[in-house]
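Data block for protein04.csv (CSV, C-alpha atoms):
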chain,number,residue,atom,x,y,z
A,25,MET,CA,-111.6,4.8,-3.1
A,26,GLY,CA,-113.5,7.3,-5.3
A,27,THR,CA,-113.1,8.1,-9.0
A,28,HIS,CA,-110.4,10.7,-8.3
A,29,ASP,CA,-108.3,8.1,-6.3
A,30,ALA,CA,-108.8,5.5,-9.1
A,31,ASP,CA,-107.4,8.0,-11.6
A,32,ARG,CA,-104.5,8.7,-9.4
A,33,PHE,CA,-103.8,5.0,-9.0
A,34,ASP,CA,-103.8,4.6,-12.8
A,35,GLY,CA,-101.3,7.5,-13.1
A,36,ASP,CA,-97.6,7.4,-14.0
A,37,ASP,CA,-95.8,8.0,-10.8
A,38,GLY,CA,-94.9,4.3,-10.4
A,39,GLY,CA,-94.9,4.5,-6.6
A,40,GLY,CA,-97.1,5.2,-3.6
A,41,SER,CA,-97.5,1.6,-2.4
A,42,ARG,CA,-97.9,1.1,1.3
A,43,PHE,CA,-95.4,-1.8,0.9
A,44,ASP,CA,-92.6,0.5,-0.1
A,45,GLY,CA,-90.9,2.8,2.4
A,46,GLY,CA,-87.8,4.7,1.4
A,47,ASP,CA,-86.3,5.4,4.8
A,48,GLY,CA,-83.0,3.6,5.0
A,49,LEU,CA,-81.3,0.7,3.3
A,50,PHE,CA,-83.6,-1.9,4.8
A,51,GLY,CA,-86.7,0.3,5.0
A,52,GLY,CA,-89.8,-1.0,3.3
A,53,ASP,CA,-92.4,-3.7,3.9
A,54,ASP,CA,-92.3,-7.4,4.4
A,55,GLY,CA,-95.4,-8.0,2.3
A,56,HIS,CA,-97.8,-8.2,5.3
A,57,GLY,CA,-97.8,-4.5,6.0
A,58,ALA,CA,-95.3,-4.7,8.8
A,59,ARG,CA,-92.2,-2.5,8.7
A,60,SER,CA,-89.2,-4.7,8.1
A,61,GLY,CA,-86.5,-2.4,9.6
A,62,ARG,CA,-83.2,-4.0,10.6
A,63,ARG,CA,-83.4,-7.6,11.8
A,64,ASP,CA,-83.1,-8.3,15.5
A,65,ALA,CA,-79.4,-8.9,16.1
A,66,ARG,CA,-80.3,-12.0,18.1
A,67,SER,CA,-81.5,-13.8,15.0
A,68,ASP,CA,-78.0,-13.4,13.5
A,69,GLN,CA,-76.2,-14.5,16.6
A,70,CYS,CA,-78.3,-17.4,17.8
A,71,ASP,CA,-77.3,-21.0,17.3
A,72,ASP,CA,-79.9,-21.7,14.7
A,73,GLY,CA,-79.1,-18.6,12.6
A,74,PHE,CA,-77.4,-20.5,9.9
A,75,GLY,CA,-80.2,-23.1,9.8
A,76,GLN,CA,-82.8,-20.4,9.3
A,77,ARG,CA,-80.7,-18.9,6.5
A,78,ASP,CA,-80.4,-22.3,4.9
A,79,ASP,CA,-84.1,-22.8,5.2
A,80,PHE,CA,-84.8,-19.5,3.6
A,81,GLU,CA,-82.4,-20.2,0.7
A,82,ARG,CA,-83.9,-23.7,0.1
A,83,ARG,CA,-87.5,-22.4,0.1
A,84,THR,CA,-87.0,-19.4,-2.0
A,85,ALA,CA,-84.6,-20.8,-4.6
A,86,PRO,CA,-87.4,-22.4,-6.8
A,87,TYR,CA,-88.9,-18.9,-7.3
A,88,ARG,CA,-85.8,-16.9,-8.3
A,89,ARG,CA,-86.1,-17.6,-12.0
A,90,GLU,CA,-89.8,-16.8,-12.3
A,91,LEU,CA,-89.3,-13.6,-10.1
A,92,LEU,CA,-86.6,-12.6,-12.6
A,93,ALA,CA,-89.1,-13.0,-15.5
A,94,HIS,CA,-91.6,-11.0,-13.5
A,95,CYS,CA,-89.3,-8.2,-12.8
A,96,TYR,CA,-88.2,-8.2,-16.5
A,97,ARG,CA,-91.8,-7.8,-17.6
A,98,MET,CA,-92.0,-4.8,-15.3
A,99,VAL,CA,-88.7,-3.0,-16.2
A,100,GLY,CA,-87.7,-4.4,-19.7
A,101,SER,CA,-84.1,-5.0,-18.7
A,102,VAL,CA,-82.5,-8.3,-17.7
A,103,HIS,CA,-79.7,-6.7,-15.6
A,104,GLU,CA,-82.1,-4.4,-13.8
A,105,ALA,CA,-84.4,-7.3,-13.1
A,106,GLU,CA,-81.5,-9.3,-11.7
A,107,ASP,CA,-80.7,-6.4,-9.3
A,108,LEU,CA,-84.4,-6.2,-8.3
A,109,VAL,CA,-84.6,-9.9,-7.5
A,110,GLN,CA,-81.5,-9.6,-5.3
A,111,ASP,CA,-83.1,-6.7,-3.5
A,112,THR,CA,-86.3,-8.7,-3.2
A,113,MET,CA,-84.5,-11.6,-1.6
A,114,LEU,CA,-82.6,-9.3,0.8
A,115,ARG,CA,-85.8,-7.7,2.0
A,116,ALA,CA,-87.6,-11.1,2.2
A,117,TRP,CA,-84.7,-12.4,4.3
A,118,LEU,CA,-84.8,-9.4,6.7
A,119,ALA,CA,-88.5,-10.0,7.2
A,120,TYR,CA,-88.5,-13.8,7.1
A,121,ASP,CA,-89.0,-14.3,10.8
A,122,ARG,CA,-92.3,-12.4,10.5
A,123,TYR,CA,-93.5,-14.2,7.4
A,124,ASP,CA,-97.0,-15.7,8.1
A,125,ALA,CA,-97.8,-18.6,5.9
A,126,GLY,CA,-101.4,-18.3,7.1
A,127,ARG,CA,-101.8,-15.0,5.3
A,128,ALA,CA,-100.1,-15.7,2.0
A,129,SER,CA,-98.1,-18.4,0.3
A,130,LEU,CA,-94.3,-17.8,0.2
A,131,ARG,CA,-94.6,-17.4,-3.6
A,132,THR,CA,-97.3,-14.7,-3.3
A,133,TRP,CA,-95.3,-12.9,-0.5
A,134,LEU,CA,-92.2,-12.8,-2.7
A,135,TYR,CA,-94.2,-11.5,-5.7
A,136,ARG,CA,-95.6,-8.7,-3.5
A,137,ILE,CA,-92.2,-7.6,-2.4
A,138,ALA,CA,-90.8,-7.9,-6.0
A,139,THR,CA,-93.7,-5.9,-7.6
A,140,ASN,CA,-93.3,-3.0,-5.2
A,141,ARG,CA,-89.5,-2.9,-5.6
A,142,CYS,CA,-90.1,-2.7,-9.4
A,143,LEU,CA,-92.6,0.2,-8.9
A,144,THR,CA,-90.1,2.1,-6.8
A,145,SER,CA,-87.4,1.5,-9.4
A,146,LEU,CA,-89.7,2.8,-12.1
A,147,ARG,CA,-90.7,6.0,-10.3
A,148,GLY,CA,-89.9,9.0,-12.4
A,149,ARG,CA,-88.2,7.1,-15.1
A,150,THR,CA,-88.8,7.0,-18.8
A,151,ARG,CA,-89.9,3.7,-20.5
A,152,ARG,CA,-87.7,1.3,-22.4
A,153,PRO,CA,-88.7,1.4,-26.1
A,154,LEU,CA,-87.6,-0.2,-29.3
A,155,PRO,CA,-86.9,2.1,-32.2
A,156,SER,CA,-90.3,1.5,-33.7
A,157,GLY,CA,-91.9,2.9,-30.5
A,158,LEU,CA,-89.8,6.0,-30.5
A,159,VAL,CA,-89.4,7.3,-34.1
A,160,GLY,CA,-91.0,6.8,-37.5
A,161,ALA,CA,-89.7,4.2,-40.0
A,162,LEU,CA,-87.2,5.3,-42.7
A,163,GLU,CA,-87.6,4.7,-46.4
A,164,ASP,CA,-84.0,5.0,-47.4
A,165,PRO,CA,-81.9,2.0,-46.4
A,166,GLY,CA,-78.8,4.1,-47.1
A,167,ALA,CA,-79.7,6.8,-44.7
A,168,PRO,CA,-77.0,7.7,-42.2
A,169,MET,CA,-77.0,5.6,-39.1
A,170,THR,CA,-78.3,7.5,-36.1
A,171,LEU,CA,-77.4,6.2,-32.6
A,172,GLY,CA,-79.8,6.6,-29.7
A,173,ALA,CA,-76.9,6.4,-27.2
A,174,GLU,CA,-78.8,8.0,-24.3
A,175,VAL,CA,-81.9,5.9,-24.7
A,176,PRO,CA,-82.5,3.1,-22.1
A,177,TRP,CA,-83.4,0.5,-24.7
A,178,LEU,CA,-85.7,-2.5,-24.2
A,179,GLU,CA,-83.6,-5.7,-23.9
A,180,PRO,CA,-84.4,-9.3,-24.8
A,181,PHE,CA,-84.8,-12.1,-22.1
A,182,PRO,CA,-82.5,-15.2,-22.4
A,183,ASP,CA,-84.5,-18.4,-22.5
A,184,ARG,CA,-81.8,-20.6,-21.1
A,185,GLY,CA,-83.1,-22.6,-18.1
A,186,THR,CA,-86.7,-21.7,-18.6
A,187,ALA,CA,-87.9,-25.1,-19.7
A,188,GLY,CA,-90.6,-26.3,-17.3
A,189,THR,CA,-90.5,-23.0,-15.3
A,190,ALA,CA,-94.0,-21.8,-14.3
A,191,PHE,CA,-93.9,-18.1,-15.3
A,192,GLY,CA,-97.5,-17.6,-14.5
A,193,ALA,CA,-100.9,-19.2,-14.2
A,194,GLY,CA,-102.7,-16.9,-16.6
A,195,ALA,CA,-106.0,-17.4,-18.3
A,196,ALA,CA,-106.3,-19.1,-21.7
A,197,ALA,CA,-105.3,-17.4,-24.9
A,198,GLY,CA,-107.6,-14.8,-26.3
A,199,ASP,CA,-107.7,-11.4,-27.9
A,200,PRO,CA,-104.4,-9.6,-27.1
A,201,ALA,CA,-106.4,-6.5,-26.3
A,202,GLY,CA,-108.1,-8.5,-23.6
A,203,VAL,CA,-106.4,-11.4,-21.8
A,204,VAL,CA,-102.7,-11.9,-22.0
A,205,ALA,CA,-101.8,-15.6,-22.3
A,206,ALA,CA,-99.2,-16.7,-19.8
A,207,ARG,CA,-97.3,-18.7,-22.4
A,208,GLY,CA,-96.8,-15.6,-24.5
A,209,SER,CA,-96.1,-13.2,-21.6
A,210,LEU,CA,-92.4,-12.8,-22.4
A,211,ARG,CA,-92.9,-12.2,-26.2
A,212,LEU,CA,-90.8,-9.2,-27.2
A,213,ALA,CA,-93.7,-7.4,-28.9
A,214,LEU,CA,-95.8,-7.7,-25.7
A,215,ILE,CA,-93.0,-6.5,-23.5
A,216,ALA,CA,-92.5,-3.5,-25.8
A,217,ALA,CA,-96.2,-2.8,-25.7
A,218,MET,CA,-96.2,-3.0,-21.9
A,219,GLN,CA,-93.7,-0.2,-21.8
A,220,LEU,CA,-96.5,2.1,-23.0
A,221,LEU,CA,-98.4,1.5,-19.8
A,222,PRO,CA,-97.8,3.5,-16.6
A,223,PRO,CA,-96.0,1.3,-14.1
A,224,ARG,CA,-98.9,0.6,-11.9
A,225,GLN,CA,-101.2,-0.3,-14.8
A,226,ARG,CA,-98.3,-2.6,-15.9
A,227,ALA,CA,-98.2,-4.2,-12.5
A,228,VAL,CA,-101.9,-4.8,-12.4
A,229,LEU,CA,-102.0,-6.3,-15.9
A,230,ILE,CA,-99.2,-8.7,-15.0
A,231,LEU,CA,-100.6,-9.7,-11.7
A,232,ARG,CA,-104.1,-10.2,-13.0
A,233,ASP,CA,-103.6,-11.5,-16.6
A,234,VAL,CA,-100.3,-13.3,-16.4
A,235,LEU,CA,-100.2,-14.6,-12.8
A,236,ALA,CA,-104.0,-14.8,-12.6
A,237,TRP,CA,-104.3,-13.2,-9.1
A,238,PRO,CA,-107.8,-12.2,-8.0
A,239,ALA,CA,-108.4,-8.5,-8.0
A,240,THR,CA,-108.7,-8.5,-4.2
A,241,GLU,CA,-105.3,-10.0,-3.9
A,242,VAL,CA,-103.8,-7.5,-6.3
A,243,ALA,CA,-105.5,-4.7,-4.4
A,244,GLU,CA,-104.0,-5.9,-1.1
A,245,ALA,CA,-100.5,-6.2,-2.7
A,246,LEU,CA,-100.6,-2.7,-4.1
A,247,GLY,CA,-102.4,-1.0,-1.2
A,248,ALA,CA,-105.4,-0.1,-3.4
A,249,SER,CA,-109.1,-0.8,-3.7
A,250,THR,CA,-110.5,-3.6,-5.8
A,251,ALA,CA,-112.4,-1.0,-7.9
A,252,SER,CA,-109.2,0.9,-8.7
A,253,VAL,CA,-107.5,-2.4,-9.7
A,254,ASN,CA,-110.3,-3.3,-12.0
A,255,SER,CA,-110.2,0.2,-13.5
A,256,ALA,CA,-106.4,0.0,-14.0
A,257,LEU,CA,-106.8,-3.4,-15.7
A,258,GLN,CA,-109.4,-2.1,-18.1
A,259,ARG,CA,-107.2,0.8,-19.1
A,260,ALA,CA,-104.2,-1.4,-19.5
A,261,ARG,CA,-106.0,-3.8,-21.8
A,262,ALA,CA,-107.4,-0.9,-23.8
A,263,ARG,CA,-103.9,0.5,-24.3
A,264,LEU,CA,-102.5,-2.8,-25.4
A,265,GLY,CA,-105.3,-3.1,-27.9
A,266,GLU,CA,-104.3,0.3,-29.3
A,267,ALA,CA,-100.7,-0.9,-29.7
A,268,GLY,CA,-101.8,-3.0,-32.6
A,269,LEU,CA,-100.5,-6.4,-31.3
A,270,THR,CA,-101.5,-9.4,-33.3
A,271,GLU,CA,-102.4,-12.7,-31.6
A,272,ASP,CA,-99.4,-14.4,-33.1
A,273,GLU,CA,-97.1,-11.8,-31.5
A,274,VAL,CA,-98.2,-12.6,-28.0
A,275,THR,CA,-99.6,-16.2,-27.9
A,276,GLU,CA,-97.7,-18.4,-30.4
A,277,PRO,CA,-94.8,-20.3,-28.9
A,278,PRO,CA,-91.8,-21.4,-31.1
A,279,ASP,CA,-92.7,-24.5,-33.1
A,280,HIS,CA,-91.0,-26.7,-35.7
A,281,GLY,CA,-92.2,-24.5,-38.6
A,282,GLN,CA,-90.6,-21.4,-37.1
A,283,ARG,CA,-87.3,-23.1,-36.5
A,284,VAL,CA,-87.3,-24.4,-40.1
A,285,VAL,CA,-87.7,-20.8,-41.3
A,286,ILE,CA,-84.9,-19.5,-39.1
A,287,ASP,CA,-82.6,-22.4,-40.2
A,288,ARG,CA,-83.2,-21.3,-43.8
A,289,TYR,CA,-82.6,-17.7,-42.8
A,290,LEU,CA,-79.3,-18.7,-41.1
A,291,ARG,CA,-78.1,-20.5,-44.3
A,292,ALA,CA,-79.1,-17.6,-46.5
A,293,PHE,CA,-77.4,-15.1,-44.3
A,294,GLU,CA,-74.2,-17.1,-44.1
A,295,ASP,CA,-74.3,-17.5,-47.9
A,296,ALA,CA,-74.9,-13.8,-48.3
A,297,ASP,CA,-77.8,-14.8,-50.6
A,298,LEU,CA,-80.1,-11.8,-50.7
A,299,ASP,CA,-82.7,-13.4,-52.9
A,300,ALA,CA,-83.1,-16.3,-50.5
A,301,LEU,CA,-83.4,-13.9,-47.6
A,302,ARG,CA,-86.1,-11.9,-49.4
A,303,ALA,CA,-88.1,-15.1,-50.0
A,304,LEU,CA,-88.3,-15.7,-46.3
A,305,LEU,CA,-89.8,-12.3,-45.4
A,306,THR,CA,-93.5,-11.2,-45.1
A,307,GLU,CA,-94.7,-8.2,-47.1
A,308,ASP,CA,-94.9,-6.1,-44.0
A,309,VAL,CA,-91.7,-7.3,-42.3
A,310,VAL,CA,-90.1,-4.9,-39.8
A,311,LEU,CA,-86.4,-4.6,-39.2
A,312,GLU,CA,-85.1,-2.6,-36.2
A,313,MET,CA,-81.7,-2.4,-34.6
A,314,PRO,CA,-81.3,-0.8,-31.1
A,315,PRO,CA,-79.2,1.2,-30.3
A,316,VAL,CA,-79.6,2.5,-33.9
A,317,LEU,CA,-82.7,4.6,-34.4
A,318,ASN,CA,-83.1,3.6,-38.1
A,319,TRP,CA,-85.8,1.0,-38.7
A,320,TYR,CA,-87.5,-0.2,-41.9
A,321,VAL,CA,-90.7,-1.8,-43.1
A,322,GLY,CA,-91.0,-4.1,-46.1
A,323,PRO,CA,-88.8,-6.7,-47.8
A,324,ASP,CA,-87.2,-4.3,-50.2
A,325,ALA,CA,-85.9,-2.0,-47.5
A,326,TYR,CA,-85.0,-4.9,-45.3
A,327,VAL,CA,-82.9,-6.7,-48.0
A,328,ALA,CA,-81.3,-3.4,-49.2
A,329,PHE,CA,-80.2,-2.7,-45.6
A,330,ILE,CA,-78.7,-6.2,-45.2
A,331,ALA,CA,-76.9,-5.6,-48.5
A,332,ARG,CA,-75.5,-2.4,-47.0
A,333,VAL,CA,-74.3,-4.4,-43.9
A,334,PHE,CA,-72.6,-6.9,-46.2
A,335,SER,CA,-70.8,-4.1,-48.0
A,336,MET,CA,-69.7,-2.5,-44.8
A,337,ARG,CA,-68.8,-5.6,-42.7
A,338,GLY,CA,-68.0,-8.2,-45.3
A,339,ARG,CA,-69.7,-11.4,-46.3
A,340,ASP,CA,-68.0,-13.9,-44.0
A,341,TRP,CA,-70.5,-14.6,-41.3
A,342,ARG,CA,-71.2,-17.4,-38.8
A,343,LEU,CA,-74.6,-17.6,-37.0
A,344,ARG,CA,-75.5,-19.7,-34.0
A,345,PRO,CA,-79.1,-20.5,-33.0
A,346,ALA,CA,-80.3,-19.1,-29.7
A,347,SER,CA,-83.6,-18.3,-28.0
A,348,ALA,CA,-85.0,-15.1,-26.5
A,349,ASN,CA,-88.4,-14.2,-25.1
A,350,SER,CA,-89.7,-17.6,-26.2
A,351,GLN,CA,-88.8,-16.7,-29.8
A,352,PRO,CA,-86.1,-18.0,-32.1
A,353,ALA,CA,-82.9,-16.0,-32.2
A,354,LEU,CA,-79.4,-16.0,-33.9
A,355,ALA,CA,-76.1,-14.8,-32.5
A,356,ALA,CA,-74.2,-13.3,-35.5
A,357,TYR,CA,-70.4,-13.3,-35.8
A,358,VAL,CA,-68.5,-11.6,-38.7
A,359,ARG,CA,-64.9,-11.9,-39.8
A,360,ALA,CA,-63.6,-8.6,-41.1
A,361,PRO,CA,-61.1,-8.5,-43.9
A,362,GLY,CA,-57.6,-9.2,-42.6
A,363,ASP,CA,-58.9,-10.7,-39.3
A,364,ASP,CA,-58.4,-14.3,-38.3
A,365,GLU,CA,-61.4,-14.5,-36.1
A,366,HIS,CA,-65.2,-14.2,-36.4
A,367,ARG,CA,-66.2,-11.6,-33.8
A,368,LEU,CA,-69.6,-11.0,-32.1
A,369,HIS,CA,-71.7,-8.5,-34.0
A,370,THR,CA,-75.3,-8.8,-33.0
A,371,LEU,CA,-78.1,-10.9,-31.4
A,372,GLN,CA,-81.1,-11.2,-33.8
A,373,VAL,CA,-84.5,-12.0,-32.4
A,374,PHE,CA,-87.2,-13.2,-34.8
A,375,THR,CA,-91.0,-13.3,-35.0
A,376,ALA,CA,-91.9,-15.9,-37.7
A,377,ASP,CA,-95.5,-16.2,-38.9
A,378,GLN,CA,-96.9,-18.7,-41.3
A,379,GLY,CA,-93.6,-19.8,-42.8
A,380,ALA,CA,-91.9,-16.3,-43.0
A,381,VAL,CA,-90.1,-13.8,-40.9
A,382,SER,CA,-92.4,-10.8,-39.9
A,383,HIS,CA,-90.2,-9.0,-37.5
A,384,THR,CA,-86.5,-8.9,-36.7
A,385,VAL,CA,-85.0,-7.0,-33.8
A,386,VAL,CA,-81.2,-6.9,-34.1
A,387,PHE,CA,-79.5,-6.0,-30.8
A,388,GLN,CA,-76.0,-4.6,-30.6
A,389,LEU,CA,-75.9,-3.8,-26.9
A,390,PRO,CA,-73.1,-5.0,-24.5
A,391,THR,CA,-75.6,-5.5,-21.8
A,392,VAL,CA,-77.5,-7.9,-24.1
A,393,PHE,CA,-74.4,-9.9,-25.0
A,394,ALA,CA,-73.5,-10.2,-21.3
A,395,ALA,CA,-77.0,-11.4,-20.3
A,396,PHE,CA,-76.9,-14.1,-23.0
A,397,GLY,CA,-73.4,-15.1,-22.1
A,398,LEU,CA,-72.2,-14.8,-25.7
A,399,PRO,CA,-68.5,-15.2,-26.3
A,400,GLU,CA,-66.7,-12.4,-28.1
A,401,VAL,CA,-65.1,-14.7,-30.6
A,402,TRP,CA,-66.7,-17.5,-32.5
A,403,GLU,CA,-66.3,-20.9,-31.0
A,404,GLY,CA,-66.9,-23.3,-33.9

Go ahead and render the structure in this file as structure tokens.
Amino acid sequence: MGTHDADRFDGDDGGGSRFDGGDGLFGGDDGHGARSGRRDARSDQCDDGFGQRDDFERRTAPYRRELLAHCYRMVGSVHEAEDLVQDTMLRAWLAYDRYDAGRASLRTWLYRIATNRCLTSLRGRTRRPLPSGLVGALEDPGAPMTLGAEVPWLEPFPDRGTAGTAFGAGAAAGDPAGVVAARGSLRLALIAAMQLLPPRQRAVLILRDVLAWPATEVAEALGASTASVNSALQRARARLGEAGLTEDEVTEPPDHGQRVVIDRYLRAFEDADLDALRALLTEDVVLEMPPVLNWYVGPDAYVAFIARVFSMRGRDWRLRPASANSQPALAAYVRAPGDDEHRLHTLQVFTADQGAVSHTVVFQLPTVFAAFGLPEVWEG
């Protein structure tokens, strides 16, 4: 593949893979380059059909959660990732009788299918941003609230059930503009930065730096040359470096110190103690709130906006610890004047560095509440 082809590979079309046909419900590829088409009816009618299905379910079940994380990294939405995993499993089942363990492990085969389903899904679509990646920060915490109702917002990833799950076998931690550490590959700041990449660059970055696939294997999966894969990886790393990520944002897992900070934040918020809240913030703290476009930088604007929230919603809050994107989070419930119940208001996801909160993303999206299974009414 020449320079022109490499540039086209790095482009923004999100498609073009040889593993991705579009002709019919079951069109596409089984991950070995063979057209899947519709399964031979005999396989569904023979005596061992149910046994084959049971074998498929048993063998693929361990990979569903990590495939969900993989698709989420690609598309930035949990509910879309769930649909893509379902589509991946359907296509894998339809091609299961042609799967060749001698050519690829089952895990690799499934990732090939999932990656190309994601690329097809992303074709011609806009990225999923956070407000800070879409508009400039505001200085006035009292500015009118502007909703980005039509924006397909980036969503957080629920951590429930992720303990011990191998989300990747990436290289050791390093400069975030270079190698992405597997343990930080779900951090919200990194997922947001990945949205800046064209879909195929995003796929290459994830397959190479998170899953640690050899360039030759990535090239085979995407129907490209090794040279174009290496070019795409260099460009992706460079663009991540330009996004201004810090190492803490992408490589630091939650630790006891972070949880202590968030516990203090919880108590200060429930007490409506603005001074205590301010003491827990860094000098360059960021507060953003999709689907609201307004976002703010600095402790003065942060605290002034929280004061505005208290004046609008009241001061009777209950917060429950949660976890999202390998980061501490809080589900916030408020009891309005005259109401007998505390009702779900937001999910707040935190980045805490060196004993203080440096970034808070406050989600007020129904899709997020559903993904995290948050009850609408406080259950004390």

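Counting all atoms listed in the file and comparing A:Leu108, A:Thr170, A:Val385, A:Leu212, the residue that lies closest to Arg88 (chain A) is A:Leu108.
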
Can you work out which one of A:Ser145, A:Thr240, A:Ser129, A:Ser156 has the shortest atom-to-atom distance to Thr384 (chain A), counting all atoms listed in the file?
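Answer, going by the shortest atom-to-atom distance: A:Ser156.
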
Point-to-point distance in Å for CA of Arg83 (chain A) and CA of Ile137 (chain A)
15.7 Å

Name the residues in contact with region 335-345 of chain A at a cut-off of 7 Å, using only C-alpha atoms, excluding same-chain residues fewer than 3 positions from it; report them as a PyMOL selection string.
chain A and resi 290+294+296+331-332+353-360

Mind giving me the straight-line distance from CA of Gly75 (chain A) to CA of Ala119 (chain A) in Å, one decimal?
15.7 Å

Atom pair CA of Ala227 (chain A) + CA of Arg141 (chain A), distance 11.2 Å

Would you please work out which residue, of A:Leu114, A:Leu91, A:Ala128, A:Val159, is nearest to Cys142 (chain A) when using only C-alpha atoms?
A:Leu91

I need every residue sitting at most 10 Å from the point (-99.9, 2.6, -21.6) (coordinates as in the file, only C-alpha atoms considered), written as a ChimeraX atom specification.
/A:34-36,217-226,259-264,266-267

Let me see the file: selected residues, C-alpha atoms, as a PDB file, keeping the file's coordinate frame.
ATOM      1  CA  ASP A  34    -103.800   4.600 -12.800  1.00  0.00           C
ATOM      2  CA  GLY A  35    -101.300   7.500 -13.100  1.00  0.00           C
ATOM      3  CA  ASP A  36     -97.600   7.400 -14.000  1.00  0.00           C
ATOM      4  CA  ALA A 217     -96.200  -2.800 -25.700  1.00  0.00           C
ATOM      5  CA  MET A 218     -96.200  -3.000 -21.900  1.00  0.00           C
ATOM      6  CA  GLN A 219     -93.700  -0.200 -21.800  1.00  0.00           C
ATOM      7  CA  LEU A 220     -96.500   2.100 -23.000  1.00  0.00           C
ATOM      8  CA  LEU A 221     -98.400   1.500 -19.800  1.00  0.00           C
ATOM      9  CA  PRO A 222     -97.800   3.500 -16.600  1.00  0.00           C
ATOM     10  CA  PRO A 223     -96.000   1.300 -14.100  1.00  0.00           C
ATOM     11  CA  ARG A 224     -98.900   0.600 -11.900  1.00  0.00           C
ATOM     12  CA  GLN A 225    -101.200  -0.300 -14.800  1.00  0.00           C
ATOM     13  CA  ARG A 226     -98.300  -2.600 -15.900  1.00  0.00           C
ATOM     14  CA  ARG A 259    -107.200   0.800 -19.100  1.00  0.00           C
ATOM     15  CA  ALA A 260    -104.200  -1.400 -19.500  1.00  0.00           C
ATOM     16  CA  ARG A 261    -106.000  -3.800 -21.800  1.00  0.00           C
ATOM     17  CA  ALA A 262    -107.400  -0.900 -23.800  1.00  0.00           C
ATOM     18  CA  ARG A 263    -103.900   0.500 -24.300  1.00  0.00           C
ATOM     19  CA  LEU A 264    -102.500  -2.800 -25.400  1.00  0.00           C
ATOM     20  CA  GLU A 266    -104.300   0.300 -29.300  1.00  0.00           C
ATOM     21  CA  ALA A 267    -100.700  -0.900 -29.700  1.00  0.00           C
TER      22      ALA A 267
END

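Every residue within 10 Å of the file position (-82.0, -8.0, -51.0), judged by only C-alpha atoms, is given as Ala296, Asp297, Leu298, Asp299, Ala300, Leu301, Arg302, Ala303, Pro323, Asp324, Ala325, Tyr326, Val327, Ala328, Phe329, Ile330, Ala331 and Arg332 of chain A.
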
Nearest-residue call for Thr250 (chain A), choices A:Val102, A:Ala348, A:Val228, A:Leu154, using only C-alpha atoms
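Of A:Val102, A:Ala348, A:Val228, A:Leu154, the one nearest Thr250 (chain A), counting only C-alpha atoms, is A:Val228.
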
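Closest approach to Val310 (chain A) from the set A:His366, A:His94, A:Arg115, A:His383 is made by A:His383, with distances taken over all atoms listed in the file.
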
Could you check which of A:Leu317, A:Ala292, A:Leu311, A:Leu143 is closest to Gly160 (chain A), using only C-alpha atoms?
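Looking at the shortest contact to Gly160 (chain A), the residue is A:Leu317.
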
Just want the 8 Å neighbourhood of Leu389 (chain A), counted on all atoms listed in the file, with same-chain residues fewer than 4 positions away dropped. Output as an mmCIF file with C-alpha atoms, keeping the file's coordinate frame.
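Saved file part30.cif follows:
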data_model
loop_
_atom_site.group_PDB
_atom_site.id
_atom_site.type_symbol
_atom_site.label_atom_id
_atom_site.label_comp_id
_atom_site.auth_asym_id
_atom_site.auth_seq_id
_atom_site.Cartn_x
_atom_site.Cartn_y
_atom_site.Cartn_z
ATOM 1 C CA PRO A 314 -81.300 -0.800 -31.100
ATOM 2 C CA PRO A 315 -79.200 1.200 -30.300
ATOM 3 C CA THR A 370 -75.300 -8.800 -33.000
ATOM 4 C CA PHE A 393 -74.400 -9.900 -25.000
#
